[in-house]
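Student: Sharing model_25.txt, compact mmCIF, C-alpha atoms and all ligand atoms:
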```txt
# COMPACT_ATOMS: atom_id res chain seq x y z
CA MET A 1 -12.53 -9.77 -27.90
CA GLU A 2 -15.92 -9.70 -26.26
CA SER A 3 -17.21 -9.46 -22.71
CA LYS A 4 -19.34 -12.00 -20.90
CA VAL A 5 -21.78 -10.66 -18.32
CA THR A 6 -22.81 -12.81 -15.34
CA GLU A 7 -24.74 -11.83 -12.22
CA ILE A 8 -22.62 -13.34 -9.44
CA ALA A 9 -24.50 -11.82 -6.49
CA PRO A 10 -27.76 -9.85 -6.33
CA ASP A 11 -27.29 -6.89 -8.69
CA VAL A 12 -23.54 -7.49 -8.94
CA PHE A 13 -22.62 -8.17 -12.56
CA ARG A 14 -19.27 -9.62 -13.54
CA ILE A 15 -18.08 -8.26 -16.89
CA SER A 16 -15.32 -10.54 -18.08
CA THR A 17 -13.05 -10.01 -21.05
CA PHE A 18 -10.47 -12.65 -21.89
CA HIS A 19 -7.41 -11.03 -23.43
CA PRO A 20 -5.58 -13.59 -25.58
CA ASP A 21 -2.28 -11.68 -25.57
CA TYR A 22 -2.12 -11.85 -21.78
CA GLY A 23 -3.91 -15.21 -21.46
CA ILE A 24 -5.97 -13.90 -18.57
CA GLN A 25 -9.37 -12.42 -17.87
CA PHE A 26 -9.90 -8.79 -16.98
CA ASN A 27 -13.05 -8.61 -14.88
CA GLN A 28 -15.04 -5.55 -13.92
CA PHE A 29 -17.91 -5.67 -11.43
CA LEU A 30 -20.93 -3.48 -11.94
CA VAL A 31 -23.18 -2.95 -8.92
CA ARG A 32 -26.64 -1.97 -10.14
CA ASP A 33 -28.27 0.39 -7.65
CA ASP A 34 -29.57 3.97 -7.31
CA GLU A 35 -25.99 5.17 -7.80
CA PRO A 36 -24.40 2.50 -10.01
CA PHE A 37 -20.83 1.58 -9.09
CA ILE A 38 -18.20 -0.20 -11.17
CA MET A 39 -15.10 -1.83 -9.74
CA HIS A 40 -12.17 -1.36 -12.17
CA THR A 41 -12.44 0.34 -15.54
CA GLY A 42 -10.38 -2.15 -17.52
CA PHE A 43 -7.73 -0.98 -19.95
CA LYS A 44 -8.32 2.21 -21.91
CA LYS A 45 -7.96 0.19 -25.12
CA MET A 46 -10.69 -2.20 -23.98
CA PHE A 47 -13.12 0.60 -23.18
CA PRO A 48 -15.51 0.08 -26.16
CA ILE A 49 -15.95 -3.59 -25.19
CA THR A 50 -16.50 -2.75 -21.52
CA LEU A 51 -18.94 0.01 -22.41
CA GLU A 52 -20.99 -2.33 -24.58
CA ALA A 53 -21.23 -4.82 -21.71
CA VAL A 54 -22.20 -2.15 -19.16
CA THR A 55 -24.86 -0.91 -21.59
CA SER A 56 -26.50 -4.35 -21.45
CA VAL A 57 -27.16 -3.80 -17.71
CA ILE A 58 -27.63 -0.04 -17.13
CA LYS A 59 -27.70 3.18 -19.07
CA PRO A 60 -23.98 4.01 -19.04
CA GLU A 61 -24.59 7.73 -18.51
CA LYS A 62 -26.09 6.78 -15.11
CA LEU A 63 -22.81 5.39 -13.81
CA ARG A 64 -22.05 7.28 -10.60
CA TRP A 65 -18.97 5.67 -9.00
CA ILE A 66 -15.80 4.19 -10.43
CA GLY A 67 -13.90 2.29 -7.75
CA PHE A 68 -10.56 0.59 -8.04
CA SER A 69 -7.87 -0.85 -5.84
CA HIS A 70 -4.65 0.70 -7.08
CA PHE A 71 -3.26 2.76 -9.90
CA GLU A 72 -2.62 0.41 -12.82
CA SER A 73 -4.04 0.52 -16.32
CA ASP A 74 -6.30 -2.50 -15.89
CA GLU A 75 -7.70 -0.97 -12.69
CA CYS A 76 -8.32 2.59 -13.87
CA GLY A 77 -6.80 3.18 -17.32
CA ALA A 78 -10.20 3.97 -18.87
CA LEU A 79 -11.19 6.41 -16.12
CA ASN A 80 -11.20 9.48 -18.34
CA GLU A 81 -13.05 7.59 -21.08
CA TRP A 82 -15.81 6.91 -18.57
CA PHE A 83 -16.08 10.59 -17.66
CA LYS A 84 -16.92 11.32 -21.32
CA VAL A 85 -19.97 9.04 -21.32
CA ALA A 86 -21.01 9.34 -17.65
CA PRO A 87 -20.92 13.02 -16.71
CA HIS A 88 -21.90 12.40 -13.06
CA ALA A 89 -19.34 9.68 -12.47
CA GLU A 90 -16.60 10.15 -9.88
CA ALA A 91 -13.57 8.02 -9.16
CA ALA A 92 -13.45 6.51 -5.67
CA CYS A 93 -10.01 5.50 -4.48
CA SER A 94 -7.69 5.63 -1.48
CA VAL A 95 -6.37 8.87 -0.05
CA VAL A 96 -2.88 7.83 -1.15
CA GLY A 97 -4.10 7.02 -4.65
CA ALA A 98 -5.79 10.40 -4.94
CA MET A 99 -2.80 12.38 -3.65
CA VAL A 100 -0.05 10.54 -5.46
CA MET A 101 -1.64 9.76 -8.82
CA VAL A 102 -5.32 10.23 -9.51
CA ASN A 103 -5.53 13.97 -8.73
CA ASP A 104 -3.07 14.48 -11.56
CA PHE A 105 -4.13 11.72 -13.96
CA ALA A 106 -7.90 12.11 -13.85
CA ASP A 107 -9.82 14.80 -15.68
CA LYS A 108 -11.82 15.52 -12.52
CA PRO A 109 -10.97 15.19 -8.82
CA PRO A 110 -11.65 11.78 -7.23
CA ARG A 111 -13.49 11.03 -4.02
CA ALA A 112 -10.62 10.10 -1.71
CA LEU A 113 -11.79 7.43 0.72
CA SER A 114 -10.32 6.95 4.16
CA ASP A 115 -9.95 3.50 5.65
CA GLY A 116 -13.36 2.22 6.74
CA GLU A 117 -15.37 4.87 4.94
CA VAL A 118 -18.70 3.72 3.44
CA LEU A 119 -20.20 4.62 0.08
CA GLU A 120 -23.99 4.34 0.31
CA ILE A 121 -25.19 3.81 -3.24
CA GLY A 122 -28.79 2.78 -2.54
CA ARG A 123 -29.49 -0.73 -1.28
CA HIS A 124 -25.78 -1.52 -1.26
CA ARG A 125 -23.25 -0.25 1.28
CA LEU A 126 -19.70 -0.40 0.02
CA ARG A 127 -17.05 -0.18 2.72
CA PHE A 128 -13.58 0.86 1.62
CA LEU A 129 -10.60 -0.80 3.26
CA ALA A 130 -7.17 0.74 2.85
CA THR A 131 -4.82 -2.24 2.35
CA PRO A 132 -1.41 -0.81 1.43
CA HIS A 133 0.70 -3.34 -0.56
CA VAL A 134 -2.15 -5.91 -0.56
CA PRO A 135 -2.50 -7.17 -3.25
CA HIS A 136 0.22 -4.71 -4.30
CA CYS A 137 1.02 -0.99 -4.52
CA TRP A 138 1.17 1.62 -1.77
CA ASP A 139 -2.24 3.02 -2.66
CA ALA A 140 -4.06 -0.33 -2.62
CA GLY A 141 -7.52 -0.77 -1.16
CA LEU A 142 -10.49 -3.12 -1.44
CA PHE A 143 -14.25 -2.62 -1.40
CA PHE A 144 -16.60 -4.79 0.63
CA ASP A 145 -20.28 -4.84 -0.25
CA GLU A 146 -21.72 -5.21 3.23
CA THR A 147 -25.24 -5.73 1.92
CA ASP A 148 -24.59 -9.14 0.41
CA ARG A 149 -21.09 -9.76 1.80
CA THR A 150 -19.27 -9.55 -1.53
CA LEU A 151 -15.57 -8.70 -1.43
CA LEU A 152 -14.28 -6.88 -4.51
CA CYS A 153 -10.80 -8.24 -4.08
CA SER A 154 -8.82 -6.92 -7.05
CA ASP A 155 -5.75 -9.08 -7.80
CA LEU A 156 -6.04 -11.36 -4.77
CA PHE A 157 -6.52 -15.02 -5.86
CA PHE A 158 -5.22 -14.21 -9.37
CA HIS A 159 -5.35 -17.19 -11.70
CA PRO A 160 -4.86 -17.24 -15.48
CA GLY A 161 -6.87 -18.63 -18.39
CA ASP A 162 -10.54 -18.14 -19.19
CA PRO A 163 -12.27 -20.09 -16.42
CA GLU A 164 -15.95 -20.21 -15.46
CA PRO A 165 -17.59 -17.02 -14.14
CA LEU A 166 -18.37 -18.39 -10.69
CA THR A 167 -17.24 -21.45 -8.82
CA GLU A 168 -18.07 -23.01 -5.50
CA SER A 169 -15.00 -25.23 -5.69
CA GLU A 170 -11.88 -24.08 -3.95
CA ILE A 171 -9.78 -21.45 -5.70
CA VAL A 172 -6.76 -21.25 -3.42
CA GLY A 173 -5.05 -24.10 -5.26
CA ARG A 174 -5.38 -22.20 -8.52
CA ALA A 175 -4.03 -19.05 -6.89
CA ARG A 176 -1.12 -20.96 -5.38
CA ALA A 177 -0.20 -22.48 -8.75
CA ALA A 178 -0.26 -19.01 -10.31
CA ILE A 179 1.97 -17.55 -7.57
CA VAL A 180 4.51 -20.38 -7.95
CA GLU A 181 4.49 -20.11 -11.74
CA GLY A 182 4.83 -16.33 -11.47
CA LEU A 183 8.05 -16.60 -9.48
CA SER A 184 9.96 -17.40 -12.67
CA SER A 185 8.06 -15.07 -15.01
CA PRO A 186 9.06 -11.59 -16.18
CA LEU A 187 6.27 -10.28 -13.92
CA ALA A 188 7.72 -11.85 -10.78
CA LYS A 189 7.74 -9.90 -7.49
CA ASP A 190 4.32 -8.43 -8.19
CA MET A 191 3.11 -9.05 -4.64
CA PRO A 192 5.37 -8.01 -1.78
CA TYR A 193 5.34 -9.79 1.54
CA THR A 194 5.53 -6.98 4.06
CA PRO A 195 5.16 -6.49 7.83
CA TYR A 196 1.50 -5.65 7.06
CA THR A 197 0.58 -8.61 4.85
CA ASP A 198 -0.60 -11.12 7.45
CA SER A 199 -2.54 -8.64 9.55
CA THR A 200 -4.21 -7.17 6.46
CA MET A 201 -5.25 -10.60 5.20
CA HIS A 202 -6.63 -11.52 8.63
CA ARG A 203 -8.52 -8.25 8.81
CA VAL A 204 -10.10 -8.91 5.41
CA ALA A 205 -10.93 -12.52 6.32
CA ALA A 206 -12.78 -11.30 9.42
CA LEU A 207 -15.34 -9.66 7.11
CA GLU A 208 -16.55 -13.21 6.33
CA PRO A 209 -17.40 -12.61 2.67
CA LYS A 210 -19.82 -14.98 0.95
CA THR A 211 -18.64 -14.06 -2.54
CA LEU A 212 -15.15 -13.15 -3.72
CA ALA A 213 -15.16 -11.04 -6.89
CA LEU A 214 -11.76 -11.59 -8.54
CA MET A 215 -10.32 -9.29 -11.14
CA HIS A 216 -8.48 -12.17 -12.84
CA GLY A 217 -10.13 -15.58 -12.68
CA SER A 218 -13.38 -17.12 -11.50
CA SER A 219 -15.40 -15.50 -8.77
CA PHE A 220 -15.93 -17.71 -5.74
CA ARG A 221 -18.99 -18.37 -3.64
CA GLY A 222 -18.54 -20.07 -0.31
CA ASP A 223 -16.55 -19.62 2.87
CA GLY A 224 -14.62 -16.47 2.00
CA ARG A 225 -13.02 -16.27 5.43
CA ALA A 226 -11.44 -19.71 5.10
CA ALA A 227 -10.31 -18.99 1.52
CA ILE A 228 -8.61 -15.73 2.52
CA LEU A 229 -6.88 -17.34 5.51
CA ASP A 230 -5.70 -20.18 3.25
CA LEU A 231 -4.41 -17.66 0.73
CA ALA A 232 -2.60 -15.80 3.54
CA SER A 233 -0.82 -19.04 4.43
CA VAL A 234 0.09 -19.64 0.78
CA ILE A 235 1.46 -16.10 0.43
CA LYS A 236 3.55 -16.49 3.58
CA GLU A 237 4.85 -19.87 2.48
CA THR A 238 5.72 -18.85 -1.08
CA LEU A 239 6.66 -15.16 -0.81
CA GLY A 240 7.47 -14.62 2.85
CA LYS A 241 11.07 -15.77 2.85
CA PRO A 242 14.29 -13.98 2.01
CA ALA A 243 15.18 -14.02 -1.67
CA GLU A 244 18.25 -16.14 -2.40
CA ASN A 245 19.12 -14.93 -5.85
CA LEU A 246 18.34 -11.46 -7.10
FE FE B 301 -2.68 -4.90 -9.87
FE FE B 302 -5.32 -6.57 -12.00
```
Show me, as structure tokens, the structure contained in the file I just sent.
Tutor:
Amino acid sequence: MESKVTEIAPDVFRISTFHPDYGIQFNQFLVRDDEPFIMHTGFKKMFPITLEAVTSVIKPEKLRWIGFSHFESDECGALNEWFKVAPHAEAACSVVGAMVMVNDFADKPPRALSDGEVLEIGRHRLRFLATPHVPHCWDAGLFFDETDRTLLCSDLFFHPGDPEPLTESEIVGRARAAIVEGLSSPLAKDMPYTPYTDSTMHRVAALEPKTLALMHGSSFRGDGRAAILDLASVIKETLGKPAENL
């Protein structure tokens, strides 16, 4: 495996590793600034590949912030590996994530972010949004780079394969196909439809992102608001109905 590095927005570098066993990409996003920030660590077992890619953009020991949406191995499994090479790095996650998991799992305490809190890392302002159960998990959150209107959207818009780094074509169709296909896979029921889903998606859409930075699949540049509202409709249509057979 190897990582491909693409600048998808000013000083936002997409580090993409296609994992053939899963048939999907695992994408990290490195924001180069006074206090460099990375969104997702990738798997612990992929750490050497991720580190090599980060090293092509910044000195890895300068990494200051490690953000992620929710506690899963692709989101934060390499957290403690990062602490070994970047002594000033801190995890940045939701209050729930810190209390329930990261305080115990991580080798140093995380920065627990409340809903709406901003990380100022230099030119970029990263606003944290607590989004419980969107895309999934109680502790979920998203980061929004207010400076260039880039939404670091974790598993939202998931689509498989090894597609292009950045597209201006629509991506909701790809995400819909993946949701429908996922309904009959062993990983079904990954995304719950809850009383909060619609309002959370509308709240995120109102940010009007220009770039959507997807953890799995191509990043998107265009009308982020419309894409998120379309995805909200797809989620409601496909997942928002009572299960018939469990
Ligand atoms: Fe996830
Ligand atoms: Fe993921």
Student: Which chains and residue numbers are within 7 Å of ligand FE 302 (chain B), counting all atoms listed in the file, if I want them as a list in words?
Tutor: Asp74, Glu75, Ser154, Asp155, Met215 and His216 of chain A
Student: Could you list, with a cut-off of 9 Å and counting all atoms listed in the file, the residues of chain A near ligand FE 301 (chain B), each shown with its nearest atom pair and the distance in Å rounded to one decimal, rows sorted by chain and ascending number, as a Markdown table?
Tutor:
```
| residue | atom | partner | partner_atom | distance |
| --- | --- | --- | --- | --- |
| A:Ser69 | CA | B:FE301 | FE | 7.7 |
| A:His70 | CA | B:FE301 | FE | 6.6 |
| A:Phe71 | CA | B:FE301 | FE | 7.7 |
| A:Glu72 | CA | B:FE301 | FE | 6.1 |
| A:Ser73 | CA | B:FE301 | FE | 8.5 |
| A:Asp74 | CA | B:FE301 | FE | 7.4 |
| A:Glu75 | CA | B:FE301 | FE | 7.0 |
| A:Pro135 | CA | B:FE301 | FE | 7.0 |
| A:His136 | CA | B:FE301 | FE | 6.3 |
| A:Cys137 | CA | B:FE301 | FE | 7.6 |
| A:Ala140 | CA | B:FE301 | FE | 8.7 |
| A:Ser154 | CA | B:FE301 | FE | 7.1 |
| A:Asp155 | CA | B:FE301 | FE | 5.6 |
| A:Leu156 | CA | B:FE301 | FE | 8.9 |
| A:Asp190 | CA | B:FE301 | FE | 8.0 |
| A:Met191 | CA | B:FE301 | FE | 8.8 |
| A:Met215 | CA | B:FE301 | FE | 8.9 |
```
Student: Please, which residues are within 7 Å of (-19.3, -10.1, -18.9) by the file's coordinates, counting all atoms listed in the file, and could they come as a ChimeraX atom specification?
Tutor: /A:3-6,14-17,53
Student: From the set A:Pro192, A:Pro165, A:Pro209, A:Gly97, which residue has the shortest atom-to-atom contact distance to Ala243 (chain A), counting all atoms listed in the file?
Tutor: A:Pro192
Student: Could you tell me, as a short mmCIF file (atom, residue, chain, number, x, y, z; two decimals) with C-alpha atoms, in the coordinates of the input, which residues have any atom at most 10 Å from (-17.0, -6.1, -7.0), counting only C-alpha atoms?
Tutor:
```cif
data_model
loop_
_atom_site.label_atom_id
_atom_site.label_comp_id
_atom_site.auth_asym_id
_atom_site.auth_seq_id
_atom_site.Cartn_x
_atom_site.Cartn_y
_atom_site.Cartn_z
CA ILE A 8 -22.62 -13.34 -9.44
CA ALA A 9 -24.50 -11.82 -6.49
CA VAL A 12 -23.54 -7.49 -8.94
CA PHE A 13 -22.62 -8.17 -12.56
CA ARG A 14 -19.27 -9.62 -13.54
CA ASN A 27 -13.05 -8.61 -14.88
CA GLN A 28 -15.04 -5.55 -13.92
CA PHE A 29 -17.91 -5.67 -11.43
CA LEU A 30 -20.93 -3.48 -11.94
CA VAL A 31 -23.18 -2.95 -8.92
CA PHE A 37 -20.83 1.58 -9.09
CA ILE A 38 -18.20 -0.20 -11.17
CA MET A 39 -15.10 -1.83 -9.74
CA HIS A 40 -12.17 -1.36 -12.17
CA GLY A 67 -13.90 2.29 -7.75
CA PHE A 68 -10.56 0.59 -8.04
CA LEU A 126 -19.70 -0.40 0.02
CA LEU A 142 -10.49 -3.12 -1.44
CA PHE A 143 -14.25 -2.62 -1.40
CA PHE A 144 -16.60 -4.79 0.63
CA ASP A 145 -20.28 -4.84 -0.25
CA THR A 150 -19.27 -9.55 -1.53
CA LEU A 151 -15.57 -8.70 -1.43
CA LEU A 152 -14.28 -6.88 -4.51
CA CYS A 153 -10.80 -8.24 -4.08
CA SER A 154 -8.82 -6.92 -7.05
CA THR A 211 -18.64 -14.06 -2.54
CA LEU A 212 -15.15 -13.15 -3.72
CA ALA A 213 -15.16 -11.04 -6.89
CA LEU A 214 -11.76 -11.59 -8.54
CA MET A 215 -10.32 -9.29 -11.14
CA SER A 219 -15.40 -15.50 -8.77
#
```
Student: With only C-alpha atoms as the atoms that count, which of A:Pro132, A:Gly141, A:Gly222, A:Pro87 lies nearest to Leu113 (chain A)?
Tutor: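 Between A:Pro132, A:Gly141, A:Gly222, A:Pro87, the residue approaching Leu113 (chain A) most closely is A:Gly141.
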Student: I need the residue nearest Gly173 (chain A) from this list: A:Leu51, A:Cys76, A:Met46, A:Ile228. Use only C-alpha atoms for the distance.
Tutor: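 Result for the nearest residue to Gly173 (chain A): A:Ile228.
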